[in-house]
Amino acid sequence: MPFDYRLLTIEMIVAALGLIVLVLGLIAPENKQKGLGPLTVMGFLGALAAAMVLWNTQGTLFDGMFVVDKYAAFFKILCLSAAVLVTLGCTQYVRNMGVHGEYYAMIVFAALGMCVMASAGDFITLYLGLELMTIAFIILVAVNKRDGKAVEAGMKYLVLAGLSSAALLYGLSLVYGMTGTIMIYDIARLVAAGSISPVLIFALVLLVAGLGFKVSVVPFHMWAPDIYHGAPTPVTAFLAVGSKAASFAVLLRLFVAGLAGMAGTWIMPVAVLAALTMVIGNLLAIPQTNIKRMLAYSSIAQAGYILVGLVAANESGIKGVMFYSFLYVFATMGAFVVVAAVYNKIKSEEIADYAGLAQRAPLLAAVLTISMLSMAGIPPLAGFVGKFYLFKTIISGYFWLALLGLIMSMISVYYYLRVCLVMYRDDPKENTPIEVSGAVAVVLLVAMIGTMVIGIYPGPLSEVVNTAAGTFFLH
Amino acid sequence: MGFPVLTACLLAPLAAALILVFLPKDEDKLHKWVAAAGTFVSLAISLYVYFAYNKELGGLQFVERVPWIKDLGVTYFMGVDGLSLPMLLLTNLIGFSAVFASWNIKNRTKEFFVLLLILIAGVMGTFIAQDVFIFLLFYEVVVIPIYLMVIIWGSSKRVTKEYAGMKLTIYLLIGSAFLLAAVIATFVKSVQITGTPDMSFKGLGQVAFPEQFQIYMFLLMLIGFGSLLSMWPFHSWSPDGYAGAPTAVSMIHAGILKKIGGYGLIRFAVYVMPAGAAYWAPFIAVLGVIGCAYAAMGALAQKDLKYVVGYSSVSHMGYVLLGVAALSVVGINGAVANMFAHGVMAALFFSMIGFIYEKTHTRWIPDLGGLARQVPRLAVGFMMAAMASLGLPGLVSFIPEFTIFVGSFERFGLLAVVAIAGIIITALYVLRAGANTLFGPPREEYNHLKDIQGPEMVPLVVLGTVLVVGGLLPALLFDVINSGVEPIMAHIADYLPAAVQIGGKY
C-alpha cells in the first residue's frame with residue numbers, strides 16, 4: 001500500500017503552522033507581532049477545514065501506529081475548534097501579557113499533540129502526542145514569567161506532569177512486557193484470549209493514575225485548581241478543554257479498545273473513581289471565592305460525568321463521551337473567555353467583584369450564565385442532552401452512579417447560581433461598561449449560540465457522533 | 001398539518017421577550033405593554049383552542065409532529081387533550097394577569113418582563129408537549145428565571161430573598177434529578193423491550209414494563225413530581241419561596257408551576273407506570289391527607305399573608321394528591337379540576353396580597369385591618385379568592401373538591417373523611433385572615449390609600465370572572481377534563497396486570 005499522505009494532512013498543516021509562527025515570532029519586529037494571532041487563527045481554520053473535507057478518509061499509517069478513523073477525526077475537529085476559540089478569544093489578554101510569538105507557537109504545538117493523541121494506535125504515538133502536548137502546556141502555563149503565581153503553577157505542572165508520565169510509562173511498559181506488543185488493537189486480541197495476570201492489573205492501576213492525572217480524576221486532581229488558577233486564563237481554558245478531550249480520546253482507545261478483555265477488572269474501580277470525582281469536585285467548588293478556582297473544581301466534576309462513558313465501555317458510552325466533550329468546548333470556552341475579558345477591565349478574578357456585571361456588560365453576564373448552566377445540565381442548554389446521552393448508557397447497569405451524577409449536577413447549580421446572584425442582583429460598583437473586542441465578541445456568540453443550538457436541536461451533532469463512534473470498533 | 005396553532009401560542013411570549021431585548025432600558029411603560037401584548041396573544045389563542053376543541057372526538061387535537069432527535073426517538077410533538085387544555089388556559093389566564101399585577105414595578109422592568117415571558121412560555125410548553133423529552137426541556141427551563149426574579153425583585157421579610165430563591169431552586173432541581181433518572185431508565189428499558197426508541201407519552205404508555213420495575217420507577221417519579229407539587233414532606237420550599245418571590249412569580253408558581261407536578265403525575269407517571277401507581281396509591285393518599293391537615297394547621301399559625309396562602313396552597317395540593325390516588329375517573333377528574341380552580345384562586349389571592357403589600361408596605365396581618373372601607377375593589381378580589389379557597393358553592397373550587405371527596409371516599413373511606421375535616425380548618429384560617437385584614441375598624445394610617453384602578457384591575461376582572469363562570473357553569477370545565485381523563489383511565493385498565501390490586505401489598 002503506498003504511503004497515503006492525505007491521512008497526515010491535519011498534522012502537517014498544524015506542524016507547519018507552529019514552525020512558521022515560531023520563526024516569525026523571532027524575526028518579526030515588535031509592532032508587527034500582533035499579526036501572529038490572526039495568522040494562527042487562519043492556520044487553525046485551514047486545518048479545521050481540511051479535517052472536515054477529509055472526514056471520510058480513513059486508514060492507518062506506519063503499520064497501525066497512526067490510526068485515522070472518524071473517531072480520531074472527531075476529536076481532532078474538537079481540539080482544533082477549541083484552539084481557534086482560544087486564540088480568537090485571547091488576543092486582548094495576550095497583548096496585555098506582552099508575549100506573542102512563543103505563546104501562539106506553543107498553543108499550536110499543544111494542538112498538534114492533541115491531534116497525534118487522537119490518532120494514536122500504539123504506545124509510542126500515544127506517548128509522543130501526550131508529551132508534545134504536556135511540554136507545550138508547561139511552557140504556556142508559565143509564559144507570563146513576571147507573574148509569580150504563573151511561574152509557580154508552571155513549576156508544579158512540570159513536576160506533577162513528570163510524575164504522571166512516569167507512572168503512565170511504567171504501566172505501558174508492563175503491558176508491553178506481558179503481551180509483547182505495543183499496538184493497541186493487537187493487545188486487544190491478546191488480552192481477550194489469555195488469562196489476566198496480576199502484573200496486568202498492576203499495569204492497569206498505573207495507567208489509570210497516569211491518564212487520570214491528565215483528565216483530573218479524583219484522587220489525581222490536586223494539581224488542577226492551583227494550575228488553573230495560576231495559569232493565564234486562555235491557557236487554563238485550553239487546558240480544561242483540549243487537554244482533557246485528547247486525554248479522554250486516548251483513555252477510551254486504551255481501555256475500551258485495548259483492554260476490553262479485562263473490562264471486568266477495571267469497570268468497577270473506574271465507576272468508583274467517577275463517583276468520587278463528581279462528589280468531591282462539586283463539593284469543593286462550593287466554598288471557592290475565586291472564579292477560576294471554582295471553574296477548576298467544576299471541571300473536575302465534569303471529568304467525573306464524562307468518565308461515566310468509560311464505565312459503560314461500549315459504543316454508546318463512547319458516543320456519550322464524544323458528545324459531551326464537544327459541548328463542553330463551548331461551555332468552557334464561553335466561561336473562561338468571559339473571565340479573561342472581565343479580568344482585562346477590573347483586574348480581578350474574585351467572584352465578589354463580578355457584582356453588577358449584568359448591568360455593566362449584559363452579554364458577558366449572559367454568556368457566563370449560559371455556560372455555567374450548560375455545565376450543570378439545565379435544559380434547554382447543551383449540557384442537558386449531553387448528560388442524557390452519558391447517563392443513559394449506564395442507567396441499567398449502574399443506576400446508583402447515574403442517580404448520583406444527576407443529583408450532583410443539580411447540587412452544582414448551587415455554586416453556579418451564586419455567581420449569577422452577584423452578577424444580577426447587585427448594582428455595579430462603577431458604571432463604565434466593559435467593552436470587548438470584535439474577536440472576543442465572536443467567541444462569546446459562538447459559545448452561546450453553540451450551547452443553545454446543541455441543547456435545543458441536538459439531532460445533527462448526534463448523528464455525526466454516531467457515525468464517528470461507529471468507526472471505533474472497526475479495527 | 002395546518003397552521004401550527006400551539007407553536008404560535010408558545011412562541012408569542014418568546015417573541016415579545018425578544019422584542020423587549022432590543023428596546024431601550026428606560027421605556028418602562030413600553031416594556032409593560034409589549035409583555036401584555038405577548039401574553040394576550042397566547043391567551044386569545046388558548047381560549048380559541050379551548051373552545052374549538054372537539055370534546056366528542058376527544059384524544060389529541062391540534063397535533064404538530066416534527067422528528068427531533070432520531071436516535072432517541074424524540075419528536076417535537078405538540079397537542080392538547082382534555083388534560084392539557086385546562087392547564088394551557090390556566091397558564092395564559094395567569095400569565096396575562098401576572099403582567100398587570102406587576103404593573104407598578106419600577107426598577108429594571110426590561111429584565112423583569114423578559115424573564116417573566118420566558119417563564120410563561122416554559123410553563124406553557126410543559127402542558128402541550130406530548131413527548132417526555134420535550135416536556136423535560138420545558139420543565140427545567142422555568143427554574144432559572146424564577147431564581148433570578150426572586151433574588152432581584154423579591155422581598156426579604158421572614159427569610160431573605162436569597163435564601164428563599166436558593167431553597168426554591170435547589171428543592172425543585174434535586175426533585176427533578178430523581179425524575180430525570182426515572183425518565184432515562186424508563187426510556188432505556190422501553191428500547192430494550194420494543195427495540196425502537198420512542199419518547200412520546202403515548203409510545204411509552206404502550207410498553208409493558210415489568211411490574212417490579214414500574215414500582216421502583218413510580219417512586220422516583222413521585223419524588224420528582226411530588227416535590228414540585230409540594231407534597232408533604234417535600235413542601236417546605238413552598239411557603240418560604242412564595243414569601244420571598246415578587247407577586248408575579250408567586251402567582252405563576254402557586255397558580256400553575258406547581259400544577260406541572262400534578263399534571264406530570266397523571267400524564268406520565270400514572271399513564272406509563274399503572275402498576276406502580278396502583279402499588280403506591282394508598283401511600284400517596286396518606287401523604288396527601290397529611291399534607292392537607294398539616295399545612296392547614298400551619299396556615300392557621302401564620303401572621304404573614306403570603307405564608308397563609310403559601311401553606312394553604314400546600315394544603316390544597318393534598319386534595320389533588322388524594323384525587324390522583326383514587327385512580328378512578330371521578331377522582332382524577334376532581335384532581336385536574338381542582339388544580340385549575342386552585343390555580344385561579346391562588347393567583348388572584350397572590351395578586352391581591354401583592355397590591356396590599358405595595359400600598360401598605362406590610363403583609364403582617366396584625367398591622368392591617370379595615371381595608372375594605374379604604375380599598376373596596378381590592379377587598380372584593382381578596383374575599384373572592386378567600387371564598388373560593390374555602391370551597392364556597394357557586395365559585396369554581398366547590399365542585400372539584402366535592403368530586404375529589406366522592407372519588408376518594410369510595411376508595412379510602414376514613415382517609416377522605418379526615419381530608420374533608422381539613423376544609424373546616426381552611427375556613428377558619430381564610431376567614432380569620434380576611435376578617436383581620438379587611439374588616440374591623442379602619443385604620444387612619446391607611447386613609448390615603450388609592451384603590452386598585454386601571455391596569456391594576458385586570459387580574460381581578462380576568463381571574464374573578466373565571467372564578468364565577470367556572471362555579472356557575474362547571475360543565476365548561478368538567479366536560480373537557482372528562483374527555484381527557486376517560487381515555488387515560490381506560491388505558492390504565494387495559495395495561496394493569498389482572499393480578500395487581502390497587503394498593504399492592506398494603
# chains A, B, ... in the order shown; residues from 1 in each chain; ligands from 1
$ closest_atom_pairs --of "chain B" --to "chain A" --cutoff "9 Å" --atoms "only C-alpha atoms" --output "tab-separated table"
residue	atom	partner	partner_atom	distance
B:Trp68	CA	A:Gly459	CA	6.3
B:Ile69	CA	A:Gly459	CA	4.4
B:Lys70	CA	A:Gly459	CA	6.6
B:Asp71	CA	A:Ser462	CA	7.9
B:Leu72	CA	A:Tyr389	CA	9.0
B:Leu136	CA	A:Pro379	CA	7.6
B:Leu137	CA	A:Pro379	CA	5.0
B:Phe138	CA	A:Pro380	CA	7.3
B:Tyr139	CA	A:Pro379	CA	8.3
B:Glu140	CA	A:Pro379	CA	6.0
B:Val141	CA	A:Pro379	CA	5.8
B:Val143	CA	A:Ile378	CA	8.9
B:Ile144	CA	A:Leu417	CA	8.6
B:Tyr147	CA	A:Leu417	CA	8.4
B:Leu148	CA	A:Tyr424	CA	7.3
B:Ile151	CA	A:Arg425	CA	6.1
B:Ile152	CA	A:Arg425	CA	4.9
B:Trp153	CA	A:Arg425	CA	8.5
B:Glu162	CA	A:Leu421	CA	8.2
B:Met166	CA	A:Tyr414	CA	7.4
B:Thr169	CA	A:Tyr414	CA	8.5
B:Ile170	CA	A:Tyr414	CA	7.0
B:Leu173	CA	A:Met410	CA	5.7
B:Ile174	CA	A:Met410	CA	5.8
B:Gly175	CA	A:Ile407	CA	8.6
B:Ser176	CA	A:Met410	CA	8.4
B:Ala177	CA	A:Leu406	CA	5.2
B:Phe178	CA	A:Leu403	CA	6.9
B:Leu180	CA	A:Leu406	CA	7.7
B:Ala181	CA	A:Leu403	CA	5.8
B:Ala182	CA	A:Leu403	CA	8.9
B:Ile184	CA	A:Lys392	CA	5.8
B:Ala185	CA	A:Ile395	CA	5.8
B:Phe187	CA	A:Lys392	CA	8.4
B:Val188	CA	A:Lys392	CA	6.7
B:Lys189	CA	A:Ser396	CA	7.8
$ select_by_dssp --residues "region 32-102 of chain A" --states "strand (DSSP E or B)" --output "PyMOL selection string"
chain A and resi 59-61+66-68
$ atom_distance --atom1 "CA of Thr277 (chain A)" --atom2 "CA of Ile300 (chain A)"
6.6 Å
$ residues_around --residues "Lys429 (chain A)" --least-positions-apart "6" --cutoff "10 Å" --atoms "only C-alpha atoms" --output "PDB file with N, CA and C atoms, in the first residue's frame"
ATOM      1  N   ASP A 353     -16.229  40.517  42.984  1.00  0.00           N
ATOM      2  CA  ASP A 353     -16.025  41.679  42.116  1.00  0.00           C
ATOM      3  C   ASP A 353     -16.850  41.603  40.838  1.00  0.00           C
ATOM      4  N   TYR A 354     -17.602  40.524  40.663  1.00  0.00           N
ATOM      5  CA  TYR A 354     -18.465  40.434  39.493  1.00  0.00           C
ATOM      6  C   TYR A 354     -19.799  41.142  39.744  1.00  0.00           C
ATOM      7  N   ALA A 355     -19.893  41.821  40.872  1.00  0.00           N
ATOM      8  CA  ALA A 355     -21.153  42.480  41.229  1.00  0.00           C
ATOM      9  C   ALA A 355     -21.629  43.388  40.116  1.00  0.00           C
ATOM     10  N   GLY A 356     -22.893  43.241  39.759  1.00  0.00           N
ATOM     11  CA  GLY A 356     -23.480  44.139  38.782  1.00  0.00           C
ATOM     12  C   GLY A 356     -23.009  43.928  37.367  1.00  0.00           C
ATOM     13  N   LEU A 357     -22.363  42.822  37.104  1.00  0.00           N
ATOM     14  CA  LEU A 357     -21.871  42.589  35.739  1.00  0.00           C
ATOM     15  C   LEU A 357     -23.015  42.597  34.730  1.00  0.00           C
ATOM     16  N   ARG A 360     -23.365  46.134  33.715  1.00  0.00           N
ATOM     17  CA  ARG A 360     -22.209  46.717  33.033  1.00  0.00           C
ATOM     18  C   ARG A 360     -21.981  46.064  31.690  1.00  0.00           C
TER      19      ARG A 360
END
$ residues_around --residues "region 266-283 of chain B" --least-positions-apart "4" --cutoff "9 Å" --atoms "only C-alpha atoms" --output "CSV table (one decimal) with C-alpha atoms, in the first residue's frame"
chain,number,residue,atom,x,y,z
B,83,LEU,CA,-56.0,17.0,30.4
B,132,VAL,CA,-41.4,13.3,27.6
B,201,PHE,CA,-46.1,9.6,26.3
B,202,LYS,CA,-48.3,7.5,24.1
B,204,LEU,CA,-44.0,4.8,26.3
B,205,GLY,CA,-47.5,4.1,27.6
B,206,GLN,CA,-47.8,1.1,25.3
B,207,VAL,CA,-44.8,-0.7,26.6
B,208,ALA,CA,-45.5,-3.5,29.0
B,209,PHE,CA,-42.9,-2.8,31.7
B,210,PRO,CA,-42.3,-5.5,34.3
B,211,GLU,CA,-44.2,-4.9,37.5
B,212,GLN,CA,-41.2,-4.6,39.8
B,213,PHE,CA,-39.6,-2.0,37.5
B,214,GLN,CA,-42.8,0.0,37.5
B,215,ILE,CA,-42.9,0.1,41.2
B,216,TYR,CA,-39.3,1.5,41.5
B,217,MET,CA,-39.8,4.0,38.7
B,218,PHE,CA,-43.1,5.3,40.0
B,219,LEU,CA,-41.5,6.0,43.4
B,221,MET,CA,-41.3,9.9,39.6
B,222,LEU,CA,-43.4,10.5,42.7
B,225,PHE,CA,-43.3,15.4,40.7
B,261,GLY,CA,-46.3,18.3,39.3
B,262,GLY,CA,-49.9,17.0,39.3
B,287,LEU,CA,-49.2,11.7,52.2
B,288,GLY,CA,-51.9,13.8,50.6
B,322,LEU,CA,-55.9,12.4,47.2
B,324,VAL,CA,-55.0,11.2,41.9
B,325,ALA,CA,-54.6,8.4,44.4
B,326,ALA,CA,-58.2,7.3,43.9
B,327,LEU,CA,-57.1,6.2,40.4
B,332,ILE,CA,-58.7,12.2,38.7
B,412,PHE,CA,-60.2,5.2,51.1
B,488,ILE,CA,-56.3,7.6,30.3
B,489,MET,CA,-58.2,5.5,32.8
B,491,HIS,CA,-55.7,2.8,29.0
B,492,ILE,CA,-54.7,2.1,32.6
B,493,ALA,CA,-57.4,-0.5,33.0
B,495,TYR,CA,-52.4,-2.2,30.9
B,496,LEU,CA,-52.9,-3.0,34.6
B,497,PRO,CA,-51.9,-6.7,35.0
B,500,VAL,CA,-52.5,-6.3,40.5
B,501,GLN,CA,-54.9,-4.9,43.0
B,502,ILE,CA,-55.0,-1.2,43.8
B,503,GLY,CA,-52.8,-1.0,46.9
B,504,GLY,CA,-50.5,-3.8,46.1
B,505,LYS,CA,-49.3,-5.5,49.3
B,506,TYR,CA,-50.8,-3.0,51.7
$ select_by_dssp --residues "region 135-362 of chain A" --states "alpha helix (DSSP H)" --output "NGL selection string"
:A and (135-141 or 148-179 or 184-193 or 198-214 or 223-230 or 233-238 or 244-252 or 263-285 or 291-312 or 315-346 or 357-360 or 362)
$ atom_distance --atom1 "CA of Ile346 (chain A)" --atom2 "CA of Lys292 (chain A)"
14.8 Å
$ residues_around --residues "Gly258 (chain A)" --least-positions-apart "3" --cutoff "12 Å" --atoms "only C-alpha atoms" --output "PDB file with N, CA and C atoms, in the first residue's frame"
ATOM      1  N   ALA A 120      -3.549   8.022  17.989  1.00  0.00           N
ATOM      2  CA  ALA A 120      -2.560   7.060  18.475  1.00  0.00           C
ATOM      3  C   ALA A 120      -3.077   5.632  18.338  1.00  0.00           C
ATOM      4  N   GLY A 121      -2.313   4.798  17.626  1.00  0.00           N
ATOM      5  CA  GLY A 121      -2.681   3.397  17.504  1.00  0.00           C
ATOM      6  C   GLY A 121      -1.750   2.513  18.303  1.00  0.00           C
ATOM      7  N   ASP A 122      -0.672   3.082  18.810  1.00  0.00           N
ATOM      8  CA  ASP A 122       0.232   2.304  19.650  1.00  0.00           C
ATOM      9  C   ASP A 122       0.787   3.195  20.763  1.00  0.00           C
ATOM     10  N   PHE A 123       1.559   2.579  21.641  1.00  0.00           N
ATOM     11  CA  PHE A 123       2.025   3.305  22.825  1.00  0.00           C
ATOM     12  C   PHE A 123       2.989   4.430  22.481  1.00  0.00           C
ATOM     13  N   LEU A 172       2.621   1.332  30.722  1.00  0.00           N
ATOM     14  CA  LEU A 172       2.701   0.903  29.327  1.00  0.00           C
ATOM     15  C   LEU A 172       3.762  -0.179  29.155  1.00  0.00           C
ATOM     16  N   VAL A 175       2.517  -3.499  30.297  1.00  0.00           N
ATOM     17  CA  VAL A 175       1.613  -4.113  29.328  1.00  0.00           C
ATOM     18  C   VAL A 175       2.434  -4.714  28.186  1.00  0.00           C
ATOM     19  N   TYR A 176       3.430  -3.963  27.747  1.00  0.00           N
ATOM     20  CA  TYR A 176       4.288  -4.478  26.679  1.00  0.00           C
ATOM     21  C   TYR A 176       4.978  -5.755  27.127  1.00  0.00           C
ATOM     22  N   THR A 179       2.438  -8.610  27.043  1.00  0.00           N
ATOM     23  CA  THR A 179       1.802  -9.006  25.781  1.00  0.00           C
ATOM     24  C   THR A 179       2.786  -9.074  24.625  1.00  0.00           C
ATOM     25  N   THR A 181       3.653  -6.652  22.698  1.00  0.00           N
ATOM     26  CA  THR A 181       3.369  -5.722  21.600  1.00  0.00           C
ATOM     27  C   THR A 181       2.964  -4.372  22.169  1.00  0.00           C
ATOM     28  N   ILE A 182       3.144  -3.356  21.340  1.00  0.00           N
ATOM     29  CA  ILE A 182       2.712  -2.026  21.779  1.00  0.00           C
ATOM     30  C   ILE A 182       1.527  -1.539  20.965  1.00  0.00           C
ATOM     31  N   MET A 183       1.050  -2.377  20.028  1.00  0.00           N
ATOM     32  CA  MET A 183      -0.080  -1.951  19.210  1.00  0.00           C
ATOM     33  C   MET A 183      -1.379  -2.186  19.984  1.00  0.00           C
ATOM     34  N   ILE A 184      -2.174  -1.120  20.104  1.00  0.00           N
ATOM     35  CA  ILE A 184      -3.347  -1.199  20.973  1.00  0.00           C
ATOM     36  C   ILE A 184      -4.316  -2.289  20.505  1.00  0.00           C
ATOM     37  N   TYR A 185      -4.550  -2.335  19.191  1.00  0.00           N
ATOM     38  CA  TYR A 185      -5.545  -3.302  18.712  1.00  0.00           C
ATOM     39  C   TYR A 185      -5.018  -4.739  18.746  1.00  0.00           C
ATOM     40  N   ASP A 186      -3.679  -4.932  18.701  1.00  0.00           N
ATOM     41  CA  ASP A 186      -3.136  -6.291  18.899  1.00  0.00           C
ATOM     42  C   ASP A 186      -3.297  -6.712  20.340  1.00  0.00           C
ATOM     43  N   ILE A 187      -3.063  -5.752  21.229  1.00  0.00           N
ATOM     44  CA  ILE A 187      -3.220  -6.061  22.654  1.00  0.00           C
ATOM     45  C   ILE A 187      -4.644  -6.510  22.930  1.00  0.00           C
ATOM     46  N   ALA A 188      -5.579  -5.841  22.273  1.00  0.00           N
ATOM     47  CA  ALA A 188      -6.984  -6.205  22.467  1.00  0.00           C
ATOM     48  C   ALA A 188      -7.178  -7.689  22.206  1.00  0.00           C
ATOM     49  N   ARG A 189      -6.609  -8.183  21.110  1.00  0.00           N
ATOM     50  CA  ARG A 189      -6.781  -9.605  20.783  1.00  0.00           C
ATOM     51  C   ARG A 189      -6.080 -10.486  21.805  1.00  0.00           C
ATOM     52  N   LEU A 190      -4.877 -10.090  22.217  1.00  0.00           N
ATOM     53  CA  LEU A 190      -4.113 -10.926  23.142  1.00  0.00           C
ATOM     54  C   LEU A 190      -4.768 -10.977  24.522  1.00  0.00           C
ATOM     55  N   VAL A 191      -5.210  -9.813  25.001  1.00  0.00           N
ATOM     56  CA  VAL A 191      -5.798  -9.778  26.345  1.00  0.00           C
ATOM     57  C   VAL A 191      -7.118 -10.539  26.368  1.00  0.00           C
ATOM     58  N   ALA A 192      -7.853 -10.426  25.259  1.00  0.00           N
ATOM     59  CA  ALA A 192      -9.131 -11.128  25.222  1.00  0.00           C
ATOM     60  C   ALA A 192      -8.921 -12.632  25.248  1.00  0.00           C
ATOM     61  N   LEU A 204      -2.593  -1.762  34.971  1.00  0.00           N
ATOM     62  CA  LEU A 204      -3.844  -1.031  34.854  1.00  0.00           C
ATOM     63  C   LEU A 204      -3.918   0.115  35.855  1.00  0.00           C
ATOM     64  N   VAL A 250      -7.570   9.196  24.210  1.00  0.00           N
ATOM     65  CA  VAL A 250      -6.579   8.146  24.435  1.00  0.00           C
ATOM     66  C   VAL A 250      -7.091   7.117  25.432  1.00  0.00           C
ATOM     67  N   LEU A 251      -7.708   7.642  26.488  1.00  0.00           N
ATOM     68  CA  LEU A 251      -8.201   6.771  27.554  1.00  0.00           C
ATOM     69  C   LEU A 251      -9.189   5.744  26.992  1.00  0.00           C
ATOM     70  N   LEU A 252     -10.089   6.212  26.156  1.00  0.00           N
ATOM     71  CA  LEU A 252     -11.080   5.300  25.574  1.00  0.00           C
ATOM     72  C   LEU A 252     -10.391   4.285  24.670  1.00  0.00           C
ATOM     73  N   ARG A 253      -9.490   4.773  23.823  1.00  0.00           N
ATOM     74  CA  ARG A 253      -8.802   3.878  22.894  1.00  0.00           C
ATOM     75  C   ARG A 253      -8.061   2.796  23.680  1.00  0.00           C
ATOM     76  N   LEU A 254      -7.395   3.223  24.741  1.00  0.00           N
ATOM     77  CA  LEU A 254      -6.570   2.289  25.505  1.00  0.00           C
ATOM     78  C   LEU A 254      -7.426   1.287  26.277  1.00  0.00           C
ATOM     79  N   PHE A 255      -8.466   1.760  26.921  1.00  0.00           N
ATOM     80  CA  PHE A 255      -9.232   0.878  27.803  1.00  0.00           C
ATOM     81  C   PHE A 255     -10.337   0.136  27.059  1.00  0.00           C
ATOM     82  N   GLY A 261     -10.708  -6.820  27.073  1.00  0.00           N
ATOM     83  CA  GLY A 261     -10.747  -8.186  27.572  1.00  0.00           C
ATOM     84  C   GLY A 261     -10.764  -8.268  29.080  1.00  0.00           C
ATOM     85  N   MET A 262     -10.186  -7.272  29.729  1.00  0.00           N
ATOM     86  CA  MET A 262     -10.188  -7.326  31.191  1.00  0.00           C
ATOM     87  C   MET A 262     -11.119  -6.247  31.772  1.00  0.00           C
ATOM     88  N   ALA A 263     -12.180  -5.933  31.004  1.00  0.00           N
ATOM     89  CA  ALA A 263     -13.108  -4.891  31.443  1.00  0.00           C
ATOM     90  C   ALA A 263     -13.672  -5.200  32.825  1.00  0.00           C
ATOM     91  N   ALA A 313     -18.332   1.467  28.697  1.00  0.00           N
ATOM     92  CA  ALA A 313     -17.418   0.648  27.900  1.00  0.00           C
ATOM     93  C   ALA A 313     -18.068   0.016  26.688  1.00  0.00           C
ATOM     94  N   PHE A 472     -15.161   3.244  15.802  1.00  0.00           N
ATOM     95  CA  PHE A 472     -14.215   2.950  16.884  1.00  0.00           C
ATOM     96  C   PHE A 472     -13.843   1.469  16.934  1.00  0.00           C
ATOM     97  N   PHE A 473     -14.819   0.608  16.712  1.00  0.00           N
ATOM     98  CA  PHE A 473     -14.569  -0.826  16.869  1.00  0.00           C
ATOM     99  C   PHE A 473     -14.231  -1.528  15.555  1.00  0.00           C
ATOM    100  N   HIS A 475     -11.663  -2.080  13.872  1.00  0.00           N
ATOM    101  CA  HIS A 475     -10.268  -2.383  13.546  1.00  0.00           C
ATOM    102  C   HIS A 475      -9.958  -3.846  13.780  1.00  0.00           C
TER     103      HIS A 475
END
